Amino acid sequence: TDRPPRITQRAVETLHPHRTPVLNVRDLTVTYGNAASRFFKGKPPVAAVNSVSFDILPGETLGLVGESGSGKSTTGKAVLGLIPFKGNVLIDGRDIAGLSQREMRPVRRSAQMIFQDPYASLDPRMAVGKAIGEPMVIHGIGNHSERQDRVAELLRRVGLTPDAATRYPHEFSGGQRQRICIARALALEPKLIVADESVAALDVSVRARVLELLLELQETMGLAYLFISHDMAVVERMSHNVAVMRAGRIIETGTRRDIFENPRDDYSRALIAAVPIPDPEVYRGREAHA
């Protein structure tokens, strides 16, 4: 049974500033478009992501926020090598630019992704335990018995019982499915997780519990998160640092406090002003600074 939601706010803005970043991104550019050929006119190239740079330290969360079409999800896919890009992306010190899928395999042990839709992320024909254990099979980790034990441990860690391993995705709620996806992402003990709108498809109360789970996992496992969202309230709750993205570029970065209490860019101020605030005193204070 899911616990009732508990509100958690970040107590600090930056952790261990002198540690080596687990993710280092420099001049990341992703361009879409087809060159003209004899039979096709082609499309002019469009930079969906344009010269984006940022770092994420171990145990920290960078919230990447912007409206739909800003390039934030494309950035998330590019930093994991899921789509072609230009620039430099270092995951745990290794530059992934130009690596083949085979060469990317060891890198994927360090970085995993949680997608928006838990319904589409799981194969309906595959039992939950097999889905969670599949990354371990691919990477040759452990024998069958050891993988079963690891799956049971992961299910407990995300708030489910080990007997869930024999059941199928359609037997679970949306929040439970996302917990299963989180367990699968943790199977290889990554240092970095890219969470792309990972709670957007969930109901508000379920969303709060999944966010709390992500915070607990970060605290106990030292995970780094690239947390991608259009929801400023969620980003404020989850992030140590925030990057605001618009039209393929990062237009403002700073600590959570910098961005939410003293945003410099008009676009950032507009995004923050759109967040519903139940406390009238906070609302009046924000209006006074607008």
# chains A, B, ... in the order shown; residues from 1 in each chain; ligands from 1
>>> select_by_dssp(residues="region 31-266 of chain A", states="helix (DSSP H, G or I)", output="CSV table (one decimal) with N, CA, C and O atoms, in the first residue's frame")
chain,number,residue,atom,x,y,z
A,72,LYS,N,14.1,20.2,-24.2
A,72,LYS,CA,14.6,19.6,-22.9
A,72,LYS,C,14.6,18.0,-23.0
A,72,LYS,O,15.5,17.4,-22.6
A,73,SER,N,13.5,17.4,-23.6
A,73,SER,CA,13.5,16.0,-23.8
A,73,SER,C,14.5,15.5,-24.8
A,73,SER,O,15.2,14.5,-24.6
A,74,THR,N,14.7,16.3,-25.8
A,74,THR,CA,15.8,16.0,-26.8
A,74,THR,C,17.2,16.0,-26.2
A,74,THR,O,18.0,15.1,-26.4
A,75,THR,N,17.4,17.0,-25.3
A,75,THR,CA,18.6,17.0,-24.5
A,75,THR,C,18.8,15.7,-23.7
A,75,THR,O,19.9,15.2,-23.7
A,76,GLY,N,17.7,15.3,-23.0
A,76,GLY,CA,17.8,14.1,-22.2
A,76,GLY,C,18.2,12.9,-23.0
A,76,GLY,O,19.0,12.0,-22.6
A,77,LYS,N,17.6,12.7,-24.2
A,77,LYS,CA,17.9,11.6,-25.0
A,77,LYS,C,19.4,11.7,-25.6
A,77,LYS,O,20.1,10.7,-25.7
A,78,ALA,N,19.8,12.9,-25.9
A,78,ALA,CA,21.1,13.0,-26.5
A,78,ALA,C,22.2,12.7,-25.5
A,78,ALA,O,23.2,12.1,-25.8
A,79,VAL,N,22.0,13.1,-24.2
A,79,VAL,CA,23.1,12.9,-23.2
A,79,VAL,C,23.3,11.4,-22.9
A,79,VAL,O,24.3,11.0,-22.4
A,101,GLN,N,26.8,1.5,-30.5
A,101,GLN,CA,26.0,0.9,-29.5
A,101,GLN,C,26.7,-0.1,-28.7
A,101,GLN,O,26.5,-0.2,-27.5
A,102,ARG,N,27.6,-0.9,-29.3
A,102,ARG,CA,28.4,-1.8,-28.5
A,102,ARG,C,29.3,-1.1,-27.5
A,102,ARG,O,29.5,-1.5,-26.4
A,103,GLU,N,29.9,0.0,-28.0
A,103,GLU,CA,30.8,0.7,-27.1
A,103,GLU,C,30.1,1.4,-26.0
A,103,GLU,O,30.6,1.8,-25.0
A,104,MET,N,28.8,1.7,-26.3
A,104,MET,CA,28.0,2.4,-25.3
A,104,MET,C,27.5,1.5,-24.1
A,104,MET,O,27.1,1.9,-23.1
A,107,VAL,N,28.9,2.1,-20.7
A,107,VAL,CA,28.4,3.4,-20.2
A,107,VAL,C,27.0,3.3,-19.7
A,107,VAL,O,26.7,4.0,-18.7
A,108,ARG,N,26.2,2.5,-20.2
A,108,ARG,CA,24.8,2.4,-19.8
A,108,ARG,C,24.7,1.8,-18.4
A,108,ARG,O,23.6,1.9,-17.7
A,109,ARG,N,25.8,1.2,-17.9
A,109,ARG,CA,25.7,0.8,-16.5
A,109,ARG,C,25.8,2.0,-15.5
A,109,ARG,O,25.4,1.9,-14.4
A,118,PRO,N,4.6,5.1,-18.0
A,118,PRO,CA,5.0,3.8,-17.4
A,118,PRO,C,4.2,2.7,-18.2
A,118,PRO,O,4.6,1.5,-18.1
A,119,TYR,N,3.1,3.0,-18.8
A,119,TYR,CA,2.3,2.0,-19.6
A,119,TYR,C,3.1,1.6,-20.8
A,119,TYR,O,3.1,0.4,-21.1
A,120,ALA,N,3.7,2.6,-21.5
A,120,ALA,CA,4.4,2.3,-22.7
A,120,ALA,C,5.8,1.7,-22.5
A,120,ALA,O,6.4,1.1,-23.3
A,121,SER,N,6.3,2.0,-21.3
A,121,SER,CA,7.7,1.6,-21.0
A,121,SER,C,7.9,0.1,-20.6
A,121,SER,O,9.0,-0.4,-20.6
A,128,VAL,N,6.9,-8.8,-14.6
A,128,VAL,CA,7.7,-7.7,-14.0
A,128,VAL,C,9.1,-8.1,-13.6
A,128,VAL,O,10.0,-7.3,-13.8
A,129,GLY,N,9.2,-9.2,-12.9
A,129,GLY,CA,10.6,-9.7,-12.5
A,129,GLY,C,11.5,-9.8,-13.7
A,129,GLY,O,12.7,-9.5,-13.6
A,130,LYS,N,11.0,-10.4,-14.8
A,130,LYS,CA,11.9,-10.5,-16.0
A,130,LYS,C,12.2,-9.2,-16.5
A,130,LYS,O,13.4,-9.0,-17.0
A,131,ALA,N,11.3,-8.2,-16.5
A,131,ALA,CA,11.6,-6.9,-17.1
A,131,ALA,C,12.6,-6.2,-16.2
A,131,ALA,O,13.5,-5.5,-16.8
A,132,ILE,N,12.6,-6.3,-14.9
A,132,ILE,CA,13.6,-5.7,-14.0
A,132,ILE,C,14.9,-6.3,-14.2
A,132,ILE,O,16.0,-5.7,-14.2
A,133,GLY,N,14.9,-7.7,-14.4
A,133,GLY,CA,16.2,-8.4,-14.5
A,133,GLY,C,16.8,-8.4,-15.8
A,133,GLY,O,18.0,-8.7,-16.0
A,134,GLU,N,16.1,-8.0,-16.9
A,134,GLU,CA,16.6,-8.0,-18.2
A,134,GLU,C,17.9,-7.2,-18.4
A,134,GLU,O,18.8,-7.7,-19.0
A,135,PRO,N,18.0,-6.0,-17.8
A,135,PRO,CA,19.3,-5.3,-18.0
A,135,PRO,C,20.5,-6.1,-17.4
A,135,PRO,O,21.6,-6.1,-17.9
A,136,MET,N,20.3,-6.9,-16.3
A,136,MET,CA,21.3,-7.7,-15.7
A,136,MET,C,21.7,-8.8,-16.6
A,136,MET,O,22.9,-9.2,-16.7
A,137,VAL,N,20.7,-9.4,-17.3
A,137,VAL,CA,21.0,-10.5,-18.3
A,137,VAL,C,21.8,-9.9,-19.4
A,137,VAL,O,22.8,-10.5,-19.8
A,138,ILE,N,21.4,-8.8,-20.0
A,138,ILE,CA,22.1,-8.2,-21.1
A,138,ILE,C,23.6,-7.9,-20.8
A,138,ILE,O,24.5,-8.1,-21.6
A,144,HIS,N,21.2,-16.9,-12.4
A,144,HIS,CA,19.8,-16.7,-12.3
A,144,HIS,C,19.3,-16.5,-10.9
A,144,HIS,O,18.5,-15.6,-10.6
A,145,SER,N,19.9,-17.2,-10.0
A,145,SER,CA,19.4,-17.1,-8.6
A,145,SER,C,19.8,-15.7,-8.0
A,145,SER,O,19.0,-15.1,-7.3
A,146,GLU,N,21.0,-15.2,-8.3
A,146,GLU,CA,21.5,-13.9,-7.9
A,146,GLU,C,20.6,-12.8,-8.4
A,146,GLU,O,20.3,-11.8,-7.8
A,147,ARG,N,20.2,-13.0,-9.7
A,147,ARG,CA,19.4,-12.0,-10.3
A,147,ARG,C,18.0,-12.0,-9.7
A,147,ARG,O,17.4,-10.9,-9.5
A,148,GLN,N,17.5,-13.1,-9.3
A,148,GLN,CA,16.2,-13.2,-8.7
A,148,GLN,C,16.2,-12.5,-7.3
A,148,GLN,O,15.3,-11.7,-7.0
A,149,ASP,N,17.3,-12.7,-6.6
A,149,ASP,CA,17.5,-12.0,-5.3
A,149,ASP,C,17.6,-10.5,-5.5
A,149,ASP,O,17.0,-9.7,-4.7
A,150,ARG,N,18.3,-10.1,-6.5
A,150,ARG,CA,18.4,-8.7,-6.8
A,150,ARG,C,17.1,-8.0,-7.2
A,150,ARG,O,16.8,-6.9,-6.7
A,151,VAL,N,16.3,-8.7,-8.0
A,151,VAL,CA,15.0,-8.2,-8.4
A,151,VAL,C,14.1,-8.1,-7.1
A,151,VAL,O,13.4,-7.0,-7.0
A,152,ALA,N,14.1,-9.0,-6.2
A,152,ALA,CA,13.3,-9.0,-5.0
A,152,ALA,C,13.7,-7.8,-4.2
A,152,ALA,O,12.9,-7.0,-3.6
A,153,GLU,N,15.1,-7.5,-4.1
A,153,GLU,CA,15.6,-6.4,-3.3
A,153,GLU,C,15.1,-5.1,-4.0
A,153,GLU,O,14.8,-4.1,-3.2
A,154,LEU,N,15.2,-5.0,-5.3
A,154,LEU,CA,14.8,-3.8,-6.0
A,154,LEU,C,13.3,-3.5,-5.8
A,154,LEU,O,12.9,-2.3,-5.6
A,155,LEU,N,12.5,-4.5,-5.8
A,155,LEU,CA,11.0,-4.3,-5.6
A,155,LEU,C,10.8,-3.8,-4.2
A,155,LEU,O,9.9,-2.9,-4.0
A,156,ARG,N,11.5,-4.3,-3.2
A,156,ARG,CA,11.3,-3.8,-1.9
A,156,ARG,C,11.7,-2.3,-1.8
A,156,ARG,O,11.1,-1.5,-1.1
A,157,ARG,N,12.8,-2.1,-2.5
A,157,ARG,CA,13.4,-0.7,-2.4
A,157,ARG,C,12.5,0.3,-2.9
A,157,ARG,O,12.4,1.5,-2.5
A,162,PRO,N,8.1,-8.6,-3.1
A,162,PRO,CA,8.8,-9.4,-4.1
A,162,PRO,C,7.9,-10.3,-4.9
A,162,PRO,O,8.2,-10.7,-6.0
A,163,ASP,N,6.6,-10.6,-4.4
A,163,ASP,CA,5.7,-11.4,-5.2
A,163,ASP,C,5.2,-10.7,-6.5
A,163,ASP,O,4.6,-11.3,-7.4
A,164,ALA,N,5.5,-9.4,-6.6
A,164,ALA,CA,5.1,-8.6,-7.8
A,164,ALA,C,5.9,-9.1,-9.0
A,164,ALA,O,5.5,-8.9,-10.1
A,165,ALA,N,7.0,-9.8,-8.8
A,165,ALA,CA,7.9,-10.3,-9.9
A,165,ALA,C,7.2,-11.2,-10.8
A,165,ALA,O,7.5,-11.3,-12.0
A,166,THR,N,6.2,-12.0,-10.3
A,166,THR,CA,5.5,-13.0,-11.1
A,166,THR,C,4.3,-12.4,-11.8
A,166,THR,O,3.7,-13.1,-12.6
A,169,PRO,N,2.4,-6.2,-16.1
A,169,PRO,CA,2.2,-4.8,-16.0
A,169,PRO,C,0.7,-4.4,-15.8
A,169,PRO,O,0.4,-3.5,-15.1
A,170,HIS,N,-0.2,-5.1,-16.5
A,170,HIS,CA,-1.6,-4.7,-16.5
A,170,HIS,C,-2.3,-4.9,-15.1
A,170,HIS,O,-3.3,-4.3,-14.9
A,171,GLU,N,-1.6,-5.6,-14.3
A,171,GLU,CA,-2.1,-5.8,-12.9
A,171,GLU,C,-1.8,-4.7,-11.9
A,171,GLU,O,-2.1,-4.8,-10.8
A,174,GLY,N,-0.9,3.0,-12.3
A,174,GLY,CA,0.1,3.8,-13.0
A,174,GLY,C,1.3,4.1,-12.1
A,174,GLY,O,2.4,4.0,-12.5
A,175,GLY,N,1.0,4.4,-10.8
A,175,GLY,CA,2.1,4.7,-9.9
A,175,GLY,C,3.0,3.5,-9.6
A,175,GLY,O,4.2,3.6,-9.5
A,176,GLN,N,2.3,2.3,-9.5
A,176,GLN,CA,3.1,1.1,-9.3
A,176,GLN,C,3.9,0.8,-10.5
A,176,GLN,O,5.1,0.3,-10.3
A,177,ARG,N,3.4,1.0,-11.7
A,177,ARG,CA,4.2,0.8,-12.9
A,177,ARG,C,5.4,1.7,-12.9
A,177,ARG,O,6.5,1.2,-13.4
A,178,GLN,N,5.2,2.9,-12.5
A,178,GLN,CA,6.4,3.8,-12.6
A,178,GLN,C,7.4,3.3,-11.5
A,178,GLN,O,8.6,3.5,-11.8
A,179,ARG,N,7.0,2.8,-10.4
A,179,ARG,CA,7.9,2.3,-9.4
A,179,ARG,C,8.7,1.1,-10.0
A,179,ARG,O,9.9,0.9,-9.8
A,180,ILE,N,8.0,0.3,-10.8
A,180,ILE,CA,8.6,-0.9,-11.5
A,180,ILE,C,9.7,-0.4,-12.5
A,180,ILE,O,10.8,-0.9,-12.6
A,181,CYS,N,9.4,0.7,-13.2
A,181,CYS,CA,10.3,1.3,-14.2
A,181,CYS,C,11.5,1.9,-13.4
A,181,CYS,O,12.7,1.8,-13.9
A,182,ILE,N,11.3,2.4,-12.2
A,182,ILE,CA,12.4,2.9,-11.4
A,182,ILE,C,13.3,1.8,-11.0
A,182,ILE,O,14.5,1.8,-11.0
A,183,ALA,N,12.7,0.7,-10.5
A,183,ALA,CA,13.4,-0.5,-10.1
A,183,ALA,C,14.3,-1.0,-11.3
A,183,ALA,O,15.4,-1.4,-11.1
A,184,ARG,N,13.7,-1.1,-12.5
A,184,ARG,CA,14.5,-1.5,-13.6
A,184,ARG,C,15.7,-0.6,-13.9
A,184,ARG,O,16.8,-1.0,-14.2
A,185,ALA,N,15.5,0.7,-13.8
A,185,ALA,CA,16.5,1.7,-14.0
A,185,ALA,C,17.7,1.5,-13.0
A,185,ALA,O,18.8,1.8,-13.3
A,186,LEU,N,17.3,1.0,-11.8
A,186,LEU,CA,18.3,0.8,-10.7
A,186,LEU,C,19.1,-0.5,-10.8
A,186,LEU,O,20.0,-0.7,-10.1
A,204,VAL,N,-2.2,13.5,-9.1
A,204,VAL,CA,-1.4,14.3,-8.2
A,204,VAL,C,-0.9,13.6,-6.9
A,204,VAL,O,0.2,13.7,-6.5
A,205,SER,N,-1.8,12.8,-6.2
A,205,SER,CA,-1.4,12.2,-5.0
A,205,SER,C,-0.4,11.1,-5.3
A,205,SER,O,0.6,10.9,-4.5
A,206,VAL,N,-0.5,10.4,-6.4
A,206,VAL,CA,0.5,9.3,-6.8
A,206,VAL,C,1.8,10.0,-7.1
A,206,VAL,O,2.9,9.5,-6.8
A,207,ARG,N,1.7,11.1,-7.8
A,207,ARG,CA,2.9,11.9,-8.2
A,207,ARG,C,3.7,12.2,-7.0
A,207,ARG,O,5.0,12.1,-7.0
A,208,ALA,N,3.1,12.7,-5.9
A,208,ALA,CA,3.8,13.1,-4.7
A,208,ALA,C,4.5,11.9,-4.1
A,208,ALA,O,5.7,12.0,-3.7
A,209,ARG,N,3.9,10.7,-4.1
A,209,ARG,CA,4.6,9.5,-3.5
A,209,ARG,C,5.8,9.1,-4.4
A,209,ARG,O,6.8,8.6,-3.9
A,210,VAL,N,5.7,9.2,-5.7
A,210,VAL,CA,6.8,8.8,-6.6
A,210,VAL,C,7.9,9.8,-6.4
A,210,VAL,O,9.1,9.4,-6.4
A,211,LEU,N,7.6,11.0,-6.3
A,211,LEU,CA,8.7,12.0,-6.1
A,211,LEU,C,9.4,11.8,-4.8
A,211,LEU,O,10.6,11.9,-4.7
A,212,GLU,N,8.6,11.4,-3.8
A,212,GLU,CA,9.2,11.1,-2.5
A,212,GLU,C,10.1,9.9,-2.6
A,212,GLU,O,11.2,9.9,-2.0
A,213,LEU,N,9.7,8.9,-3.4
A,213,LEU,CA,10.6,7.8,-3.6
A,213,LEU,C,11.9,8.2,-4.2
A,213,LEU,O,13.0,7.7,-3.8
A,214,LEU,N,11.8,9.0,-5.3
A,214,LEU,CA,13.0,9.5,-6.0
A,214,LEU,C,14.0,10.2,-5.0
A,214,LEU,O,15.2,10.0,-5.1
A,215,LEU,N,13.4,11.0,-4.1
A,215,LEU,CA,14.2,11.7,-3.2
A,215,LEU,C,14.9,10.8,-2.2
A,215,LEU,O,16.1,10.9,-1.9
A,216,GLU,N,14.2,9.8,-1.7
A,216,GLU,CA,14.7,8.8,-0.8
A,216,GLU,C,15.8,8.0,-1.4
A,216,GLU,O,16.9,7.7,-0.8
A,217,LEU,N,15.6,7.6,-2.7
A,217,LEU,CA,16.6,6.8,-3.4
A,217,LEU,C,17.9,7.6,-3.6
A,217,LEU,O,19.0,7.1,-3.5
A,218,GLN,N,17.7,8.9,-3.9
A,218,GLN,CA,18.9,9.8,-4.1
A,218,GLN,C,19.7,9.9,-2.8
A,218,GLN,O,20.9,9.8,-2.8
A,219,GLU,N,19.0,10.0,-1.7
A,219,GLU,CA,19.6,10.2,-0.4
A,219,GLU,C,20.4,8.9,0.0
A,219,GLU,O,21.5,9.0,0.5
A,220,THR,N,19.8,7.8,-0.3
A,220,THR,CA,20.4,6.5,0.2
A,220,THR,C,21.4,6.0,-0.8
A,220,THR,O,22.4,5.3,-0.4
A,221,MET,N,21.3,6.3,-2.1
A,221,MET,CA,22.2,5.7,-3.1
A,221,MET,C,23.1,6.7,-3.7
A,221,MET,O,24.0,6.4,-4.5
A,232,MET,N,7.0,23.6,-13.0
A,232,MET,CA,7.9,24.4,-12.2
A,232,MET,C,7.8,24.0,-10.7
A,232,MET,O,8.8,24.0,-10.0
A,233,ALA,N,6.6,23.7,-10.3
A,233,ALA,CA,6.4,23.3,-8.9
A,233,ALA,C,7.1,22.0,-8.5
A,233,ALA,O,7.8,21.9,-7.5
A,234,VAL,N,7.1,21.0,-9.5
A,234,VAL,CA,7.8,19.8,-9.3
A,234,VAL,C,9.3,20.0,-9.3
A,234,VAL,O,10.1,19.5,-8.5
A,235,VAL,N,9.8,20.8,-10.2
A,235,VAL,CA,11.2,21.2,-10.3
A,235,VAL,C,11.7,21.8,-9.1
A,235,VAL,O,12.8,21.5,-8.6
A,236,GLU,N,10.9,22.8,-8.5
A,236,GLU,CA,11.3,23.4,-7.3
A,236,GLU,C,11.5,22.5,-6.2
A,236,GLU,O,12.4,22.6,-5.3
A,237,ARG,N,10.6,21.5,-6.1
A,237,ARG,CA,10.6,20.5,-5.0
A,237,ARG,C,11.8,19.6,-5.2
A,237,ARG,O,12.5,19.2,-4.2
A,238,MET,N,12.2,19.2,-6.4
A,238,MET,CA,13.2,18.1,-6.6
A,238,MET,C,14.6,18.6,-6.8
A,238,MET,O,15.5,17.8,-6.5
A,256,ARG,N,18.5,26.4,-7.1
A,256,ARG,CA,17.0,26.5,-7.0
A,256,ARG,C,16.6,27.8,-6.4
A,256,ARG,O,15.6,28.5,-6.9
A,257,ARG,N,17.3,28.3,-5.4
A,257,ARG,CA,16.9,29.5,-4.7
A,257,ARG,C,17.1,30.7,-5.7
A,257,ARG,O,16.3,31.6,-5.8
A,258,ASP,N,18.2,30.7,-6.5
A,258,ASP,CA,18.4,31.8,-7.4
A,258,ASP,C,17.3,31.9,-8.4
A,258,ASP,O,16.8,33.0,-8.7
A,259,ILE,N,16.9,30.7,-9.0
A,259,ILE,CA,15.9,30.8,-10.0
A,259,ILE,C,14.5,31.1,-9.5
A,259,ILE,O,13.8,31.9,-10.1
A,260,PHE,N,14.1,30.6,-8.4
A,260,PHE,CA,12.8,30.8,-7.9
A,260,PHE,C,12.6,32.0,-7.1
A,260,PHE,O,11.5,32.5,-7.0
A,261,GLU,N,13.6,32.5,-6.5
A,261,GLU,CA,13.5,33.7,-5.7
A,261,GLU,C,14.0,35.0,-6.4
A,261,GLU,O,13.5,36.1,-6.0
A,266,ASP,N,13.0,37.2,-18.2
A,266,ASP,CA,11.5,37.4,-18.2
A,266,ASP,C,10.8,36.1,-18.4
A,266,ASP,O,9.7,35.9,-17.9
>>> select_by_dssp(residues="region 41-190 of chain A", states="strand (DSSP E or B)", output="PyMOL selection string")
chain A and resi 46-56+61-65+86-91+94-95+111-114
>>> write_last_selection(atoms="N, CA, C and O atoms", output="short mmCIF file (atom, residue, chain, number, x, y, z; two decimals), in the first residue's frame")
data_model
loop_
_atom_site.label_atom_id
_atom_site.label_comp_id
_atom_site.auth_asym_id
_atom_site.auth_seq_id
_atom_site.Cartn_x
_atom_site.Cartn_y
_atom_site.Cartn_z
N VAL A 46 17.16 22.26 -38.54
CA VAL A 46 16.69 23.05 -37.40
C VAL A 46 17.40 22.54 -36.15
O VAL A 46 17.43 21.33 -35.90
N ALA A 47 17.98 23.44 -35.39
CA ALA A 47 18.68 23.06 -34.16
C ALA A 47 17.67 22.92 -33.03
O ALA A 47 17.23 23.92 -32.45
N ALA A 48 17.29 21.67 -32.72
CA ALA A 48 16.37 21.44 -31.61
C ALA A 48 17.05 21.72 -30.28
O ALA A 48 16.42 22.12 -29.30
N VAL A 49 18.37 21.49 -30.24
CA VAL A 49 19.19 21.84 -29.08
C VAL A 49 20.41 22.56 -29.62
O VAL A 49 21.06 22.09 -30.55
N ASN A 50 20.73 23.71 -29.03
CA ASN A 50 21.74 24.59 -29.62
C ASN A 50 22.78 24.99 -28.58
O ASN A 50 22.53 25.83 -27.71
N SER A 51 23.95 24.35 -28.64
CA SER A 51 25.11 24.72 -27.81
C SER A 51 24.77 24.75 -26.32
O SER A 51 25.03 25.74 -25.63
N VAL A 52 24.22 23.65 -25.83
CA VAL A 52 23.84 23.54 -24.43
C VAL A 52 24.99 22.97 -23.62
O VAL A 52 25.64 22.00 -24.03
N SER A 53 25.26 23.56 -22.46
CA SER A 53 26.33 23.09 -21.57
C SER A 53 25.85 23.09 -20.13
O SER A 53 25.16 24.03 -19.70
N PHE A 54 26.20 22.04 -19.38
CA PHE A 54 25.90 21.99 -17.95
C PHE A 54 26.66 20.81 -17.34
O PHE A 54 27.14 19.92 -18.04
N ASP A 55 26.75 20.80 -16.01
CA ASP A 55 27.34 19.71 -15.25
C ASP A 55 26.34 19.24 -14.19
O ASP A 55 25.51 20.02 -13.71
N ILE A 56 26.46 17.96 -13.80
CA ILE A 56 25.71 17.44 -12.66
C ILE A 56 26.68 16.66 -11.79
O ILE A 56 27.37 15.76 -12.26
N THR A 61 20.68 17.02 -8.17
CA THR A 61 19.64 17.06 -9.20
C THR A 61 19.70 18.39 -9.93
O THR A 61 19.65 19.45 -9.31
N LEU A 62 19.81 18.30 -11.26
CA LEU A 62 19.63 19.48 -12.11
C LEU A 62 18.23 19.39 -12.71
O LEU A 62 17.92 18.43 -13.42
N GLY A 63 17.39 20.35 -12.41
CA GLY A 63 16.07 20.43 -13.02
C GLY A 63 16.17 21.17 -14.34
O GLY A 63 16.59 22.33 -14.38
N LEU A 64 15.79 20.49 -15.42
CA LEU A 64 15.79 21.11 -16.76
C LEU A 64 14.35 21.40 -17.11
O LEU A 64 13.54 20.48 -17.31
N VAL A 65 14.01 22.68 -17.18
CA VAL A 65 12.60 23.06 -17.29
C VAL A 65 12.38 23.96 -18.49
O VAL A 65 13.27 24.71 -18.91
N LYS A 86 26.03 16.60 -31.66
CA LYS A 86 27.38 17.17 -31.76
C LYS A 86 27.72 17.80 -30.42
O LYS A 86 26.83 18.24 -29.69
N GLY A 87 29.01 17.85 -30.15
CA GLY A 87 29.46 18.37 -28.86
C GLY A 87 30.10 17.28 -28.04
O GLY A 87 30.48 16.23 -28.56
N ASN A 88 30.26 17.55 -26.76
CA ASN A 88 30.92 16.60 -25.85
C ASN A 88 30.00 16.27 -24.68
O ASN A 88 29.49 17.17 -24.02
N VAL A 89 29.83 14.97 -24.46
CA VAL A 89 29.05 14.48 -23.32
C VAL A 89 29.91 13.45 -22.59
O VAL A 89 30.24 12.41 -23.16
N LEU A 90 30.28 13.75 -21.35
CA LEU A 90 31.05 12.83 -20.54
C LEU A 90 30.17 12.26 -19.44
O LEU A 90 29.60 13.02 -18.64
N ILE A 91 30.03 10.94 -19.44
CA ILE A 91 29.29 10.24 -18.39
C ILE A 91 30.30 9.49 -17.55
O ILE A 91 31.01 8.61 -18.04
N ARG A 94 33.70 9.46 -19.13
CA ARG A 94 33.92 8.90 -20.47
C ARG A 94 33.11 9.68 -21.51
O ARG A 94 31.89 9.81 -21.37
N ASP A 95 33.79 10.16 -22.55
CA ASP A 95 33.13 10.90 -23.61
C ASP A 95 32.40 9.91 -24.52
O ASP A 95 33.00 8.99 -25.08
N ALA A 111 24.50 5.10 -16.44
CA ALA A 111 23.41 6.05 -16.69
C ALA A 111 22.20 5.35 -17.26
O ALA A 111 22.31 4.57 -18.21
N GLN A 112 21.03 5.64 -16.69
CA GLN A 112 19.78 5.04 -17.12
C GLN A 112 18.71 6.12 -17.26
O GLN A 112 18.89 7.25 -16.82
N MET A 113 17.58 5.74 -17.86
CA MET A 113 16.51 6.71 -18.12
C MET A 113 15.18 6.19 -17.59
O MET A 113 14.90 4.99 -17.65
N ILE A 114 14.38 7.10 -17.05
CA ILE A 114 13.00 6.81 -16.68
C ILE A 114 12.12 7.67 -17.57
O ILE A 114 12.24 8.90 -17.58
#
>>> atom_distance(atom1="CA of Ile251 (chain A)", atom2="CA of Pro263 (chain A)")
10.9 Å
>>> residues_around(residues="region 197-201 of chain A", least_positions_apart="4", cutoff="6 Å", atoms="only C-alpha atoms", output="PyMOL selection string")
chain A and resi 115-116+207+228-229
